[in-house]
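Okay, structure first, notes after.
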Amino acid sequence: MPFVFSAGDYPASPGCYIMKNADGRIIYVGKSIHLRNRLRSYFTGRHTRKRIRQLVAEIASIEVVLVNNEAESLMLENNLIKIHKPPYNRALKRDNSGYAYLQLTNERFPRLDVYYRNRRRRSKEPDVKRLGPFKSATFRDAILEFVTEQYGLRTCKTMPKQVCLLYHIGKCSGICEGKITEADYSDKVKQAAELLANGGQGLLEILHGQMEAYAARLEFEKAQRMLNSIRNLEHASDKQIVDREAVIDQDVLYFGAEHVMVAKVQEGMLVDCQLLELEQAYGETACDRFLVTRYAEERPDELIVNTVADLKQVRTALHRKGSKLPKITLPKRGLKFDLLQLCKTNYEYRVPPDAKLGRKPGKGGE
């Protein structure tokens, strides 16, 4: 049976849309700052591209995940495509594509390099400082070059035995030939790492200082270019909570009267949102029952929830069932609260006020 598109089922909000076929397989993931208009474009007019016609013919349901802004829609789309590898998505499937970070390599003499996160399995990595993710590869590479030159870091993947041209023009410290001691090079690496920490705030201070120095020397063109770099870096650091640096897994749960929205966050990456029903027989303790039952065996490191009837009892019940006891958090502010609010936004979309009047939770055939 062909999918029937109803524009009113979709919000005029930013987010990602997930198209599935009759077997429930994800066949395409897209993003938009105006989901309703973007989805409407698939079902109005005649498409000249055969691939689009084939996609539309296969659609059996469309799910959406709402986010706060364009930056989040870009990052979430990137995550979902890499995880699910939908057949109709040609771009972003490769692990070394999309929105990368900058990080210092784990070598004896580290260098600054482009880093793409592993989105398909947990990776126990050393504690490294990263900056990103960057939406613009051009700007990312410009920052890489600036920081590398600022601290004389090597750029060669295989160290030569003699210094190259970069040393002679003052862009490398010459560690390969011992032009700088290992201890001094390590100090430069530490300084570079500090720039990458805290969202690049240290780097912004360096850039501001450099801009003021150019202006003081009346080098206004250079000062303007530096100002452009500052603005780009500030824009690159746009607040987004769907792709962060973290070493733990979290489930974010927003409980309503009859349903719960569960958002899975793996190592800082939002990877899934599911709307599930609660057991009404348990009344006000339905949320506690859900937590104890769902997390009896497999558990993330932390559960972020909006409510719990008896926190002590839930912890005791989970502890009796063995395995590690997840941290249970009811945030009132900060990043975790923002994640909970995003979960609430998706809950309220899937379970609108008129749901109790007979409208089923979910949209577009979910």
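Note on naming: chains are A, B, ... as they come in the structure tokens, residues start from 1 per chain, ligands start from 1 in the order shown.
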
### Task
Name the residues of range 15-83 of chain A that fall into strand (DSSP E or B) according to DSSP on the backbone, using the chain letters and numbers of this document, as number ranges by chain.
A: 15-20, 26-32, 61-66

### Task
Do a neighbour search on Val4 in chain A at 10 Å with only C-alpha atoms, toss out local chain neighbours closer than 2 positions, and write the hits as a PyMOL selection string.
chain A and resi 1-2+6-7+43+59-61+364-365

Between range 142-252 of chain A and range 78-86 of chain A, at 12 Å or less, what are the per-residue closest atom pairs and their distances in Å? Count only C-alpha atoms, order by chain and rising residue number, and return it as a Markdown table.
| residue | atom | partner | partner_atom | distance |
| --- | --- | --- | --- | --- |
| A:Val242 | CA | A:Asn79 | CA | 9.0 |
| A:Asp243 | CA | A:Asn79 | CA | 8.1 |
| A:Arg244 | CA | A:Asn79 | CA | 11.4 |

Can I get the selected residues back with N, CA, C and O atoms, as a PDB file, in the first residue's frame?
ATOM      1  N   VAL A 242      24.179  16.999  20.182  1.00  0.00           N
ATOM      2  CA  VAL A 242      23.942  15.661  19.632  1.00  0.00           C
ATOM      3  C   VAL A 242      25.233  14.948  19.240  1.00  0.00           C
ATOM      4  O   VAL A 242      25.212  13.765  18.916  1.00  0.00           O
ATOM      5  N   ASP A 243      26.362  15.642  19.260  1.00  0.00           N
ATOM      6  CA  ASP A 243      27.654  15.016  18.932  1.00  0.00           C
ATOM      7  C   ASP A 243      28.721  15.673  19.798  1.00  0.00           C
ATOM      8  O   ASP A 243      29.277  16.706  19.455  1.00  0.00           O
ATOM      9  N   ARG A 244      28.973  15.055  20.958  1.00  0.00           N
ATOM     10  CA  ARG A 244      29.908  15.625  21.924  1.00  0.00           C
ATOM     11  C   ARG A 244      31.027  14.626  22.201  1.00  0.00           C
ATOM     12  O   ARG A 244      30.966  13.472  21.819  1.00  0.00           O
TER      13      ARG A 244
END

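Here the question is which of A:Thr138, A:Gln274, A:Thr285, A:Thr158 gets nearest to Val260 in chain A using only C-alpha atoms, and that residue is A:Gln274.
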
As a JSON list (two decimals) with all heavy atoms, in the first residue's frame, please: the residues near Tyr151 in chain A (cut-off 10 Å, only C-alpha atoms, same-chain neighbours under 2 positions excluded).
[["chain", "number", "residue", "atom", "x", "y", "z"],
["A", 146, "PHE", "N", 47.27, 26.88, 11.32],
["A", 146, "PHE", "CA", 47.63, 27.95, 12.24],
["A", 146, "PHE", "C", 48.25, 27.41, 13.52],
["A", 146, "PHE", "O", 49.30, 27.87, 13.97],
["A", 146, "PHE", "CB", 46.38, 28.79, 12.58],
["A", 146, "PHE", "CG", 46.64, 29.88, 13.58],
["A", 146, "PHE", "CD1", 47.15, 31.10, 13.17],
["A", 146, "PHE", "CD2", 46.40, 29.68, 14.94],
["A", 146, "PHE", "CE1", 47.39, 32.12, 14.10],
["A", 146, "PHE", "CE2", 46.64, 30.68, 15.87],
["A", 146, "PHE", "CZ", 47.14, 31.90, 15.44],
["A", 147, "VAL", "N", 47.60, 26.41, 14.15],
["A", 147, "VAL", "CA", 48.09, 25.86, 15.40],
["A", 147, "VAL", "C", 49.43, 25.15, 15.18],
["A", 147, "VAL", "O", 50.35, 25.27, 15.99],
["A", 147, "VAL", "CB", 47.06, 24.90, 16.03],
["A", 147, "VAL", "CG1", 47.62, 24.24, 17.27],
["A", 147, "VAL", "CG2", 45.77, 25.66, 16.35],
["A", 148, "THR", "N", 49.54, 24.43, 14.08],
["A", 148, "THR", "CA", 50.78, 23.72, 13.78],
["A", 148, "THR", "C", 51.94, 24.70, 13.66],
["A", 148, "THR", "O", 53.04, 24.48, 14.22],
["A", 148, "THR", "CB", 50.63, 22.92, 12.47],
["A", 148, "THR", "OG1", 49.65, 21.89, 12.66],
["A", 148, "THR", "CG2", 51.94, 22.26, 12.09],
["A", 149, "GLU", "N", 51.73, 25.80, 12.95],
["A", 149, "GLU", "CA", 52.79, 26.80, 12.77],
["A", 149, "GLU", "C", 53.05, 27.56, 14.07],
["A", 149, "GLU", "O", 54.21, 27.90, 14.38],
["A", 149, "GLU", "CB", 52.41, 27.76, 11.66],
["A", 149, "GLU", "CG", 52.39, 27.12, 10.28],
["A", 149, "GLU", "CD", 52.06, 28.13, 9.19],
["A", 149, "GLU", "OE1", 52.02, 29.34, 9.49],
["A", 149, "GLU", "OE2", 51.86, 27.70, 8.04],
["A", 153, "LEU", "N", 54.85, 22.43, 15.33],
["A", 153, "LEU", "CA", 54.63, 20.99, 15.35],
["A", 153, "LEU", "C", 54.97, 20.39, 13.99],
["A", 153, "LEU", "O", 54.82, 21.03, 12.96],
["A", 153, "LEU", "CB", 53.17, 20.69, 15.70],
["A", 153, "LEU", "CG", 52.64, 21.26, 17.01],
["A", 153, "LEU", "CD1", 51.20, 20.85, 17.22],
["A", 153, "LEU", "CD2", 53.51, 20.83, 18.19],
["A", 154, "ARG", "N", 55.40, 19.16, 14.01],
["A", 154, "ARG", "CA", 55.73, 18.49, 12.76],
["A", 154, "ARG", "C", 54.44, 18.18, 11.99],
["A", 154, "ARG", "O", 53.38, 17.99, 12.58],
["A", 154, "ARG", "CB", 56.52, 17.22, 13.01],
["A", 154, "ARG", "CG", 55.74, 16.08, 13.65],
["A", 154, "ARG", "CD", 56.67, 14.91, 13.94],
["A", 154, "ARG", "NE", 55.95, 13.75, 14.47],
["A", 154, "ARG", "CZ", 55.47, 12.76, 13.74],
["A", 154, "ARG", "NH1", 55.64, 12.78, 12.42],
["A", 154, "ARG", "NH2", 54.84, 11.75, 14.29],
["A", 171, "LYS", "N", 58.32, 27.31, 10.01],
["A", 171, "LYS", "CA", 57.01, 26.70, 10.25],
["A", 171, "LYS", "C", 57.09, 25.35, 10.95],
["A", 171, "LYS", "O", 56.07, 24.71, 11.16],
["A", 171, "LYS", "CB", 56.25, 26.57, 8.94],
["A", 171, "LYS", "CG", 55.86, 27.90, 8.32],
["A", 171, "LYS", "CD", 54.94, 27.72, 7.13],
["A", 171, "LYS", "CE", 54.46, 29.06, 6.60],
["A", 171, "LYS", "NZ", 53.49, 28.92, 5.50],
["A", 172, "CYS", "N", 58.27, 24.92, 11.31],
["A", 172, "CYS", "CA", 58.45, 23.65, 12.02],
["A", 172, "CYS", "C", 59.65, 23.80, 12.94],
["A", 172, "CYS", "O", 60.61, 24.51, 12.62],
["A", 172, "CYS", "CB", 58.66, 22.50, 11.04],
["A", 172, "CYS", "SG", 58.90, 20.88, 11.84],
["A", 173, "SER", "N", 59.60, 23.13, 14.08],
["A", 173, "SER", "CA", 60.68, 23.25, 15.06],
["A", 173, "SER", "C", 61.87, 22.36, 14.76],
["A", 173, "SER", "O", 62.91, 22.46, 15.42],
["A", 173, "SER", "CB", 60.13, 22.92, 16.45],
["A", 173, "SER", "OG", 59.59, 21.61, 16.47],
["A", 185, "TYR", "N", 59.83, 20.21, 22.90],
["A", 185, "TYR", "CA", 58.76, 19.86, 21.95],
["A", 185, "TYR", "C", 57.53, 19.41, 22.72],
["A", 185, "TYR", "O", 56.39, 19.77, 22.36],
["A", 185, "TYR", "CB", 59.23, 18.75, 21.00],
["A", 185, "TYR", "CG", 58.25, 18.49, 19.87],
["A", 185, "TYR", "CD1", 58.28, 19.25, 18.71],
["A", 185, "TYR", "CD2", 57.28, 17.49, 19.97],
["A", 185, "TYR", "CE1", 57.39, 19.02, 17.67],
["A", 185, "TYR", "CE2", 56.38, 17.25, 18.94],
["A", 185, "TYR", "CZ", 56.44, 18.03, 17.79],
["A", 185, "TYR", "OH", 55.55, 17.80, 16.77],
["A", 187, "ASP", "N", 56.62, 20.42, 25.61],
["A", 187, "ASP", "CA", 55.99, 21.63, 26.16],
["A", 187, "ASP", "C", 55.11, 22.30, 25.11],
["A", 187, "ASP", "O", 54.01, 22.77, 25.41],
["A", 187, "ASP", "CB", 57.05, 22.61, 26.65],
["A", 187, "ASP", "CG", 57.69, 22.16, 27.97],
["A", 187, "ASP", "OD1", 57.08, 21.33, 28.66],
["A", 187, "ASP", "OD2", 58.79, 22.64, 28.27],
["A", 188, "LYS", "N", 55.60, 22.35, 23.88],
["A", 188, "LYS", "CA", 54.81, 22.95, 22.80],
["A", 188, "LYS", "C", 53.54, 22.15, 22.54],
["A", 188, "LYS", "O", 52.47, 22.72, 22.26],
["A", 188, "LYS", "CB", 55.66, 23.06, 21.54],
["A", 188, "LYS", "CG", 56.77, 24.11, 21.62],
["A", 188, "LYS", "CD", 57.53, 24.19, 20.31],
["A", 188, "LYS", "CE", 58.58, 25.30, 20.36],
["A", 188, "LYS", "NZ", 57.95, 26.65, 20.41],
["A", 189, "VAL", "N", 53.66, 20.83, 22.62],
["A", 189, "VAL", "CA", 52.49, 19.97, 22.42],
["A", 189, "VAL", "C", 51.46, 20.23, 23.52],
["A", 189, "VAL", "O", 50.25, 20.31, 23.25],
["A", 189, "VAL", "CB", 52.90, 18.48, 22.41],
["A", 189, "VAL", "CG1", 51.67, 17.57, 22.46],
["A", 189, "VAL", "CG2", 53.72, 18.18, 21.16],
["A", 190, "LYS", "N", 51.92, 20.37, 24.76],
["A", 190, "LYS", "CA", 51.00, 20.65, 25.87],
["A", 190, "LYS", "C", 50.29, 21.98, 25.66],
["A", 190, "LYS", "O", 49.09, 22.11, 25.94],
["A", 190, "LYS", "CB", 51.77, 20.66, 27.19],
["A", 190, "LYS", "CG", 52.26, 19.28, 27.63],
["A", 190, "LYS", "CD", 53.05, 19.37, 28.93],
["A", 190, "LYS", "CE", 53.57, 18.00, 29.34],
["A", 190, "LYS", "NZ", 54.39, 18.08, 30.58],
["A", 191, "GLN", "N", 51.01, 22.97, 25.18],
["A", 191, "GLN", "CA", 50.40, 24.28, 24.93],
["A", 191, "GLN", "C", 49.35, 24.17, 23.82],
["A", 191, "GLN", "O", 48.27, 24.78, 23.90],
["A", 191, "GLN", "CB", 51.48, 25.29, 24.55],
["A", 191, "GLN", "CG", 52.45, 25.62, 25.67],
["A", 191, "GLN", "CD", 53.57, 26.53, 25.20],
["A", 191, "GLN", "OE1", 53.36, 27.50, 24.49],
["A", 191, "GLN", "NE2", 54.79, 26.18, 25.58],
["A", 192, "ALA", "N", 49.66, 23.39, 22.80],
["A", 192, "ALA", "CA", 48.70, 23.19, 21.71],
["A", 192, "ALA", "C", 47.45, 22.46, 22.22],
["A", 192, "ALA", "O", 46.32, 22.78, 21.84],
["A", 192, "ALA", "CB", 49.34, 22.40, 20.57]]

### Query
Can you list, as a ChimeraX atom specification, every protein, DNA or RNA residue that comes within 8 Å of Leu112 in chain A when you count only C-alpha atoms, leaving out same-chain residues fewer than 5 positions away?
/A:102-105,144,148,153,155

### Query
Using only C-alpha atoms, which residues sit within 8 Å of range 252-259 of chain A once same-chain residues fewer than 5 positions away are excluded, as a PyMOL selection string?
chain A and resi 264-265+275-280+287+303-307+339-340+343-344+347

Using C-alpha atoms, can you export the residues from the last selection as a CSV table (one decimal), in the first residue's frame?
chain,number,residue,atom,x,y,z
A,264,LYS,CA,20.2,6.7,23.4
A,265,VAL,CA,23.5,8.7,23.6
A,275,LEU,CA,8.7,6.1,22.1
A,276,LEU,CA,7.6,3.2,24.3
A,277,GLU,CA,4.4,2.5,26.3
A,278,LEU,CA,4.3,2.3,30.1
A,279,GLU,CA,2.5,-0.3,32.1
A,280,GLN,CA,-0.6,1.6,33.4
A,287,CYS,CA,8.3,4.9,35.6
A,303,LEU,CA,20.3,7.2,33.2
A,304,ILE,CA,19.1,10.8,32.8
A,305,VAL,CA,15.4,11.0,33.8
A,306,ASN,CA,12.7,13.7,34.4
A,307,THR,CA,11.0,11.8,37.2
A,339,LEU,CA,19.4,16.6,26.6
A,340,LEU,CA,16.3,15.9,28.7
A,343,CYS,CA,13.9,14.3,24.7
A,344,LYS,CA,10.8,16.1,26.0
A,347,TYR,CA,8.0,13.2,23.3

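Using only C-alpha atoms, the shortest contact distance between Gln150 in chain A and any of A:Thr316, A:Thr181, A:Ser97, A:Gln210 is found at A:Gln210.
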
### Who sits within 6 Å of Gln266 in chain A, only C-alpha atoms, same chain under 2 positions skipped, as an MDAnalysis selection string
chainID A and resid 249 268:269

What would the file look like if the residues just selected were written as a compact mmCIF listing (two decimals), in the first residue's frame with all heavy atoms?
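Once written, again-v1.txt looks like this:
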# COMPACT_ATOMS: atom_id res chain seq x y z
N ASP A 249 28.22 5.99 28.06
CA ASP A 249 26.94 5.87 27.37
C ASP A 249 25.83 6.33 28.31
O ASP A 249 25.87 6.05 29.51
CB ASP A 249 26.67 4.42 26.94
CG ASP A 249 27.60 3.97 25.81
OD1 ASP A 249 28.19 4.85 25.17
OD2 ASP A 249 27.70 2.75 25.59
N GLY A 268 28.58 10.31 23.79
CA GLY A 268 28.29 11.68 23.43
C GLY A 268 27.50 11.87 22.15
O GLY A 268 27.13 12.99 21.81
N MET A 269 27.21 10.78 21.42
CA MET A 269 26.50 10.87 20.14
C MET A 269 25.07 10.38 20.29
O MET A 269 24.84 9.25 20.71
CB MET A 269 27.23 10.03 19.08
CG MET A 269 28.62 10.49 18.74
SD MET A 269 29.45 9.39 17.57
CE MET A 269 29.71 7.92 18.59

Per-residue nearest contacts range 71-144 of chain A to range 27-33 of chain A, cut-off 6 Å, using only C-alpha atoms, as a tab-separated table:
residue	atom	partner	partner_atom	distance
A:Ser73	CA	A:Lys31	CA	5.8
A:Pro86	CA	A:Ile27	CA	4.6
A:Pro87	CA	A:Ile27	CA	5.5
A:Tyr88	CA	A:Tyr28	CA	5.3
A:Asn89	CA	A:Tyr28	CA	5.8

For the residues selected in the previous step, produce a file with all heavy atoms as a PDB file, in the first residue's frame.
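File produced: selection_34.pdb:
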ATOM      1  N   SER A  73      21.112  19.295  13.442  1.00  0.00           N
ATOM      2  CA  SER A  73      20.563  18.451  12.372  1.00  0.00           C
ATOM      3  C   SER A  73      21.684  17.900  11.495  1.00  0.00           C
ATOM      4  O   SER A  73      21.640  16.750  11.058  1.00  0.00           O
ATOM      5  CB  SER A  73      19.553  19.240  11.529  1.00  0.00           C
ATOM      6  OG  SER A  73      20.173  20.254  10.777  1.00  0.00           O
ATOM      7  N   PRO A  86      22.131   3.731   5.088  1.00  0.00           N
ATOM      8  CA  PRO A  86      20.950   3.527   4.239  1.00  0.00           C
ATOM      9  C   PRO A  86      21.332   3.448   2.760  1.00  0.00           C
ATOM     10  O   PRO A  86      22.235   4.157   2.308  1.00  0.00           O
ATOM     11  CB  PRO A  86      20.102   4.785   4.510  1.00  0.00           C
ATOM     12  CG  PRO A  86      20.627   5.329   5.809  1.00  0.00           C
ATOM     13  CD  PRO A  86      22.079   5.006   5.812  1.00  0.00           C
ATOM     14  N   PRO A  87      20.675   2.591   1.990  1.00  0.00           N
ATOM     15  CA  PRO A  87      21.067   2.380   0.591  1.00  0.00           C
ATOM     16  C   PRO A  87      20.899   3.619  -0.299  1.00  0.00           C
ATOM     17  O   PRO A  87      21.615   3.756  -1.291  1.00  0.00           O
ATOM     18  CB  PRO A  87      20.147   1.244   0.136  1.00  0.00           C
ATOM     19  CG  PRO A  87      18.992   1.259   1.086  1.00  0.00           C
ATOM     20  CD  PRO A  87      19.558   1.711   2.388  1.00  0.00           C
ATOM     21  N   TYR A  88      19.969   4.511   0.037  1.00  0.00           N
ATOM     22  CA  TYR A  88      19.753   5.675  -0.808  1.00  0.00           C
ATOM     23  C   TYR A  88      20.608   6.880  -0.404  1.00  0.00           C
ATOM     24  O   TYR A  88      20.529   7.917  -1.040  1.00  0.00           O
ATOM     25  CB  TYR A  88      18.273   6.076  -0.813  1.00  0.00           C
ATOM     26  CG  TYR A  88      17.425   5.173  -1.679  1.00  0.00           C
ATOM     27  CD1 TYR A  88      16.751   4.084  -1.133  1.00  0.00           C
ATOM     28  CD2 TYR A  88      17.306   5.399  -3.046  1.00  0.00           C
ATOM     29  CE1 TYR A  88      15.972   3.245  -1.925  1.00  0.00           C
ATOM     30  CE2 TYR A  88      16.539   4.568  -3.852  1.00  0.00           C
ATOM     31  CZ  TYR A  88      15.873   3.492  -3.278  1.00  0.00           C
ATOM     32  OH  TYR A  88      15.113   2.668  -4.072  1.00  0.00           O
ATOM     33  N   ASN A  89      21.402   6.727   0.645  1.00  0.00           N
ATOM     34  CA  ASN A  89      22.344   7.784   1.029  1.00  0.00           C
ATOM     35  C   ASN A  89      23.699   7.493   0.408  1.00  0.00           C
ATOM     36  O   ASN A  89      24.341   6.498   0.745  1.00  0.00           O
ATOM     37  CB  ASN A  89      22.489   7.862   2.551  1.00  0.00           C
ATOM     38  CG  ASN A  89      21.317   8.528   3.226  1.00  0.00           C
ATOM     39  OD1 ASN A  89      20.464   7.859   3.811  1.00  0.00           O
ATOM     40  ND2 ASN A  89      21.263   9.858   3.163  1.00  0.00           N
TER      41      ASN A  89
END

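When CA of Asp338 in chain A is paired with CA of Val262 in chain A, their separation reads 14.4 Å.
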
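Across the model, the gap from CA of Ala197 in chain A to CA of Tyr115 in chain A is 15.1 Å.
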
### Task
List every residue of range 72-203 of chain A that DSSP, applied to the backbone of this structure, places in helix (DSSP H, G or I), and write the result as JSON, numbers by chain.
{"A": [72, 73, 74, 75, 76, 77, 78, 79, 80, 81, 82, 83, 84, 137, 138, 139, 140, 141, 142, 143, 144, 145, 146, 147, 148, 149, 150, 151, 165, 166, 167, 168, 175, 176, 177, 182, 183, 184, 185, 186, 187, 188, 189, 190, 191, 192, 193, 194, 195, 196, 198, 199, 200, 201, 202, 203]}

### Residues within 9 Å of range 176-180 of chain A, only C-alpha atoms, excluding chain neighbours under 4 positions, as a VMD selection string
chain A and resid 154 159 to 163 184 to 185
